[in-house]
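Some notes on the structure that comes next.
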Amino acid sequence: MTVRVRFAPSPTGYLHIGGARTALYNYLFAKAQKGTFVLRIEDTDLERSKKEYEELQIEDLKWLGVDYDEGPDKPGNYGPYRQSERLDIYKKYAQSLVDRGLAYYDFCTDDELEEMRERALKEGRPPHYEGKWRNEEFFEEAANRLASGEKAAIRFKAPGKSYTLHDNVRGRVVFPENMVGDFILIRSTGLPVYNFCCVVDDIEMKITHIIRGEDHLNNTVRQMMIYEALGSGLPEFAHVSLLIGKDRQKLSKRHGATSVVNYKEESYLPQAIANYLVLLGWSHPDEKEIFDVNDLGTEFDATRFSKAAAIYDLEKLKWVNGMHIRALPLETLQKGIEEFIENDHFYFGQSEDWKKSAIELYKNQIEFFSDFQKRIDEDLLNPNVEVTDKLKDVLSWETTKQIHGFLDKKVKEQKSDFLSKDNFDSLFNELKTDLKIKGKQLFMGTRVCLTGHDHGPELGDLVPIIPKEVMQKRLSNIATLF
RNA sequence: GCUCCCAUCGUCUAGCCCGGUCUAGGACAUCGCCUUUUCACGGCGGUAACAGGGGUUCGAAUCCCCUUGGGAGUACCA
């Protein structure tokens with residue numbers, strides 16, 4: 001039997017980081033099992049569902065590298081893959097349940113329902129449906145009212161017995177017999193409700209394994225009832241722990257960026273996000289931390305999920321991103337970096353050699369593509385001096401003044417826009433022999449005069465890519481600080 | 001309220017199923033040192049955890065129970 005899994009988002013917003021993780025797990029499981037991964041859009045909540053969100057979520061999924069075999073834009077044998085286009089199927093199934101006495105038409109109004117609920121709660125009973133329509137003696141009346149055009153919901157008759165789920169991550173979970181009462185299958189508007197279409201679709205689409213968030217664990221009883229009523233066997237279930245915020249509360253906007261797009265915009269690498277997300281609730285059998293999720297193969301197995309909720313914390317993601325950046329081939333790195341540099345930036349006016357040197361220089365120092373421009377703006381273009389205690393100290397040395405005088409003159413004499421590496425080396429040697437300065441005095445003095453900072457990359461690599469103009473400005477700014 | 005789930009360093013986790021090899025391992029963060037006459041990278045090292053209480057057992061992070069804490073569900077939302 002081939003494995004078939006699915007990811008079933010509701011298009012009510014952007015792709016959430018938690019949803020992305022669930023999608024990833026399904027994708028990787030299908031990959032490991034050489035199975036099929038289905039994308040199904042759960043858009044039965046007409047009020048909140050929007051077509052544009054569906055497109056956006058698909059875009060984000062693809063950006064992350066989560067590729068599916070069947071979906072709304074990838075026809076397969078089990079479509080359509082949008083629930084709003086499957087309404088007839090749900091109706092057919094619901095009607096068969098009614099015909100067999102496993103579900104019934106309910107004419108109760110919202111007010112009546114609310115009243116029942118409140119009374120039950122007040123009297124200490126579980127707030128289950130207690131309307132008359134579940135009784136056979138009213139079936140005829142129901143049929144008549146229906147025939148006269150009245151609208152009714154279809155409600156499922158809960159069997160009132162206990163169910164035991166064998167979950168692949170939770171183990172044996174027992175749901176007591178009075179856990180849920182009769183619940184809605186089809187709303188009076190004719191639209192089906194989540195628990196129902198989910199099961200119908202999973203049966204119709206021949207889903208074999210359901211990997212989803214733990215928030216659905218309690219829903220599973222209702223779904224088990226429906227599977228049973230429909231005469232279908234159960235798929236395997238794996239309820240993965242949830243992602244929570246630093247305050248151990250459900251992840252929400254106030255925890256910062258929770259949508260995948262946010263990370264795309266901030267120039268995170270999709271492979272780094274995938275890598276990090278997979279590790280949040282799953283562990284590599286060899287405890288590997290940095291990898292390409294697509295290389296996991298059969299190393300990704302569903303037995304290594306952790307049961308406890310994980311706090312979503314950015315620190316490690318940043319590190320993972322930096323590791324992936326460093327693993328990038330130079331050309332890919334350059335392309336990526338360039339996407340995050342402003343169009344009219346100084347960078348684009350430079351020679352290929354210059355660009356390569358700059359990227360090579362900062363490659364190990366950036367965690368994000370977007371860090372690159374920040375670094376060149378600061379190290380290469382900003383003529384202002386960053387006055388720190390350490391820098392003041394360097395300025396107080398007599399040798400620094402000498403170096404400054406020397407460099408000021410030499411830089412002015414330069415004809416080209418940059419000091420070549422050779423030019424800088426000879427200039428540096430001259431400085432050393434003429435002024436007889438060495439060691440820390442030499443290096444720090446030169447660094448401060450030419451870069452305006454007391455720290456930064458290797459001087460010999462850095463200076464040749466600083467525009468002469470900027471160095472001159474820095475030199476005159478430094479002059480005012482002596 | 002009721003029902004279900006969960007509980008190892010600050011964080012992600014290994015170990016738990018099949019008790020001894022665990023004075024609990026790794027990673028991020030943090031601190032210190034080395035290296036690079038700076039910073040970063042890299043290397044080495046430090047601080048830091050089995051929620052609490054009862055059992056069971058010669059022996060428990062590992063098995064059982066309770067407490068506490070956290071999460072989820074309890075809709076004609078998904």
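Lettering and numbering for the structure tokens are positional, with chains as A, B, ... in the shown order, residues counted from 1 in each chain, and ligands counted from 1 in the shown order.
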When you look at segment 44-61 of chain B with a cut-off of 7 Å (counting only C-alpha atoms (C1' of nucleotides)), what residues show up, excluding the ones that are within fewer than 3 positions of it in the same chain? I need them as a PyMOL selection string.
chain B and resi 8-9+19-20+32
Please report as a PyMOL selection string which residues of chain A come no farther than 6 Å from chain B, using only C-alpha atoms (C1' of nucleotides).
chain A and resi 187+215+218+308+316+365+439-440+455-456
Could the residues in this selection be written to a file with N, CA and C atoms, as an mmCIF file, in the first residue's frame?
data_model
loop_
_atom_site.group_PDB
_atom_site.id
_atom_site.type_symbol
_atom_site.label_atom_id
_atom_site.label_comp_id
_atom_site.auth_asym_id
_atom_site.auth_seq_id
_atom_site.Cartn_x
_atom_site.Cartn_y
_atom_site.Cartn_z
ATOM 1 N N ARG A 187 -24.227 22.462 7.877
ATOM 2 C CA ARG A 187 -24.923 23.627 8.429
ATOM 3 C C ARG A 187 -26.262 23.821 7.718
ATOM 4 N N ASP A 215 -3.524 20.252 18.319
ATOM 5 C CA ASP A 215 -4.797 20.931 18.545
ATOM 6 C C ASP A 215 -5.960 20.141 17.951
ATOM 7 N N ASN A 218 -8.339 16.300 20.081
ATOM 8 C CA ASN A 218 -9.699 16.113 20.585
ATOM 9 C C ASN A 218 -10.734 15.970 19.475
ATOM 10 N N ALA A 308 6.375 17.041 23.743
ATOM 11 C CA ALA A 308 6.167 18.330 24.404
ATOM 12 C C ALA A 308 6.155 19.470 23.402
ATOM 13 N N LYS A 316 18.324 30.403 17.600
ATOM 14 C CA LYS A 316 18.951 29.291 16.894
ATOM 15 C C LYS A 316 18.693 29.356 15.393
ATOM 16 N N GLN A 365 30.822 36.550 7.882
ATOM 17 C CA GLN A 365 30.435 37.474 8.942
ATOM 18 C C GLN A 365 28.961 37.810 8.932
ATOM 19 N N GLY A 439 53.651 46.833 15.206
ATOM 20 C CA GLY A 439 52.736 46.196 16.158
ATOM 21 C C GLY A 439 51.371 46.861 16.227
ATOM 22 N N LYS A 440 50.854 46.855 17.412
ATOM 23 C CA LYS A 440 49.508 47.357 17.645
ATOM 24 C C LYS A 440 49.344 48.813 17.187
ATOM 25 N N HIS A 455 37.494 48.141 14.896
ATOM 26 C CA HIS A 455 37.449 46.710 14.591
ATOM 27 C C HIS A 455 36.916 46.533 13.180
ATOM 28 N N GLY A 456 37.023 45.335 12.647
ATOM 29 C CA GLY A 456 36.536 45.078 11.305
ATOM 30 C C GLY A 456 37.363 43.996 10.653
#
Could you write out, as a list of chain:residue names, all the residues of segment 182-422 of chain A that DSSP marks as strand (DSSP E or B)?
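Checking each residue of segment 182-422 of chain A, the strand (DSSP E or B) ones are A:Phe183, A:Ile184, A:Leu185, A:Ile186, A:Pro192, A:His209, A:Ile210, A:Ile211, A:Arg212, A:Gly213, A:Glu236, A:Phe237, A:Ala238, A:His239, A:Val240, A:Leu243, A:Ile244, A:Lys250, A:Ser259, A:Trp282, A:Phe305, A:Ala310, A:Ile311.
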Just the selected residues (C-alpha atoms), exported as a PDB file, in the first residue's frame, please.
ATOM      1  CA  PHE A 183     -22.541  17.533  16.375  1.00  0.00           C
ATOM      2  CA  ILE A 184     -23.232  19.289  13.101  1.00  0.00           C
ATOM      3  CA  LEU A 185     -22.241  17.702   9.821  1.00  0.00           C
ATOM      4  CA  ILE A 186     -23.912  20.123   7.442  1.00  0.00           C
ATOM      5  CA  PRO A 192     -20.411  21.162   5.598  1.00  0.00           C
ATOM      6  CA  HIS A 209      -1.400   8.790   7.414  1.00  0.00           C
ATOM      7  CA  ILE A 210      -2.568  11.946   9.076  1.00  0.00           C
ATOM      8  CA  ILE A 211       0.200  14.069  10.535  1.00  0.00           C
ATOM      9  CA  ARG A 212      -1.213  17.245  12.056  1.00  0.00           C
ATOM     10  CA  GLY A 213      -1.043  19.511  15.083  1.00  0.00           C
ATOM     11  CA  GLU A 236      -2.748   6.181  11.024  1.00  0.00           C
ATOM     12  CA  PHE A 237      -2.647   9.287  13.153  1.00  0.00           C
ATOM     13  CA  ALA A 238       0.302  11.275  14.408  1.00  0.00           C
ATOM     14  CA  HIS A 239      -0.512  14.346  16.465  1.00  0.00           C
ATOM     15  CA  VAL A 240       2.547  16.510  16.591  1.00  0.00           C
ATOM     16  CA  LEU A 243       4.678  25.554  18.669  1.00  0.00           C
ATOM     17  CA  ILE A 244       4.291  28.094  21.463  1.00  0.00           C
ATOM     18  CA  LYS A 250      -0.081  29.975  21.774  1.00  0.00           C
ATOM     19  CA  SER A 259       4.156  34.124   9.042  1.00  0.00           C
ATOM     20  CA  TRP A 282      11.758  16.188  15.603  1.00  0.00           C
ATOM     21  CA  PHE A 305       8.656  13.327  17.187  1.00  0.00           C
ATOM     22  CA  ALA A 310       8.328  23.631  21.610  1.00  0.00           C
ATOM     23  CA  ILE A 311       8.988  27.285  22.234  1.00  0.00           C
TER      24      ILE A 311
END
I need the residues in segment 294-406 of chain A that are helix (DSSP H, G or I) according to DSSP; give them as a PyMOL selection string.
chain A and resi 294-295+297-299+314-327+330-339+346-349+352-362+369-381+389-395+398-406
Ala229 of chain A surroundings by only C-alpha atoms (C1' of nucleotides), 10 Å radius, close-in-sequence under 3 positions cut, as a PyMOL selection string:
chain A and resi 96-97+100+102-103+156-159+223-226+232
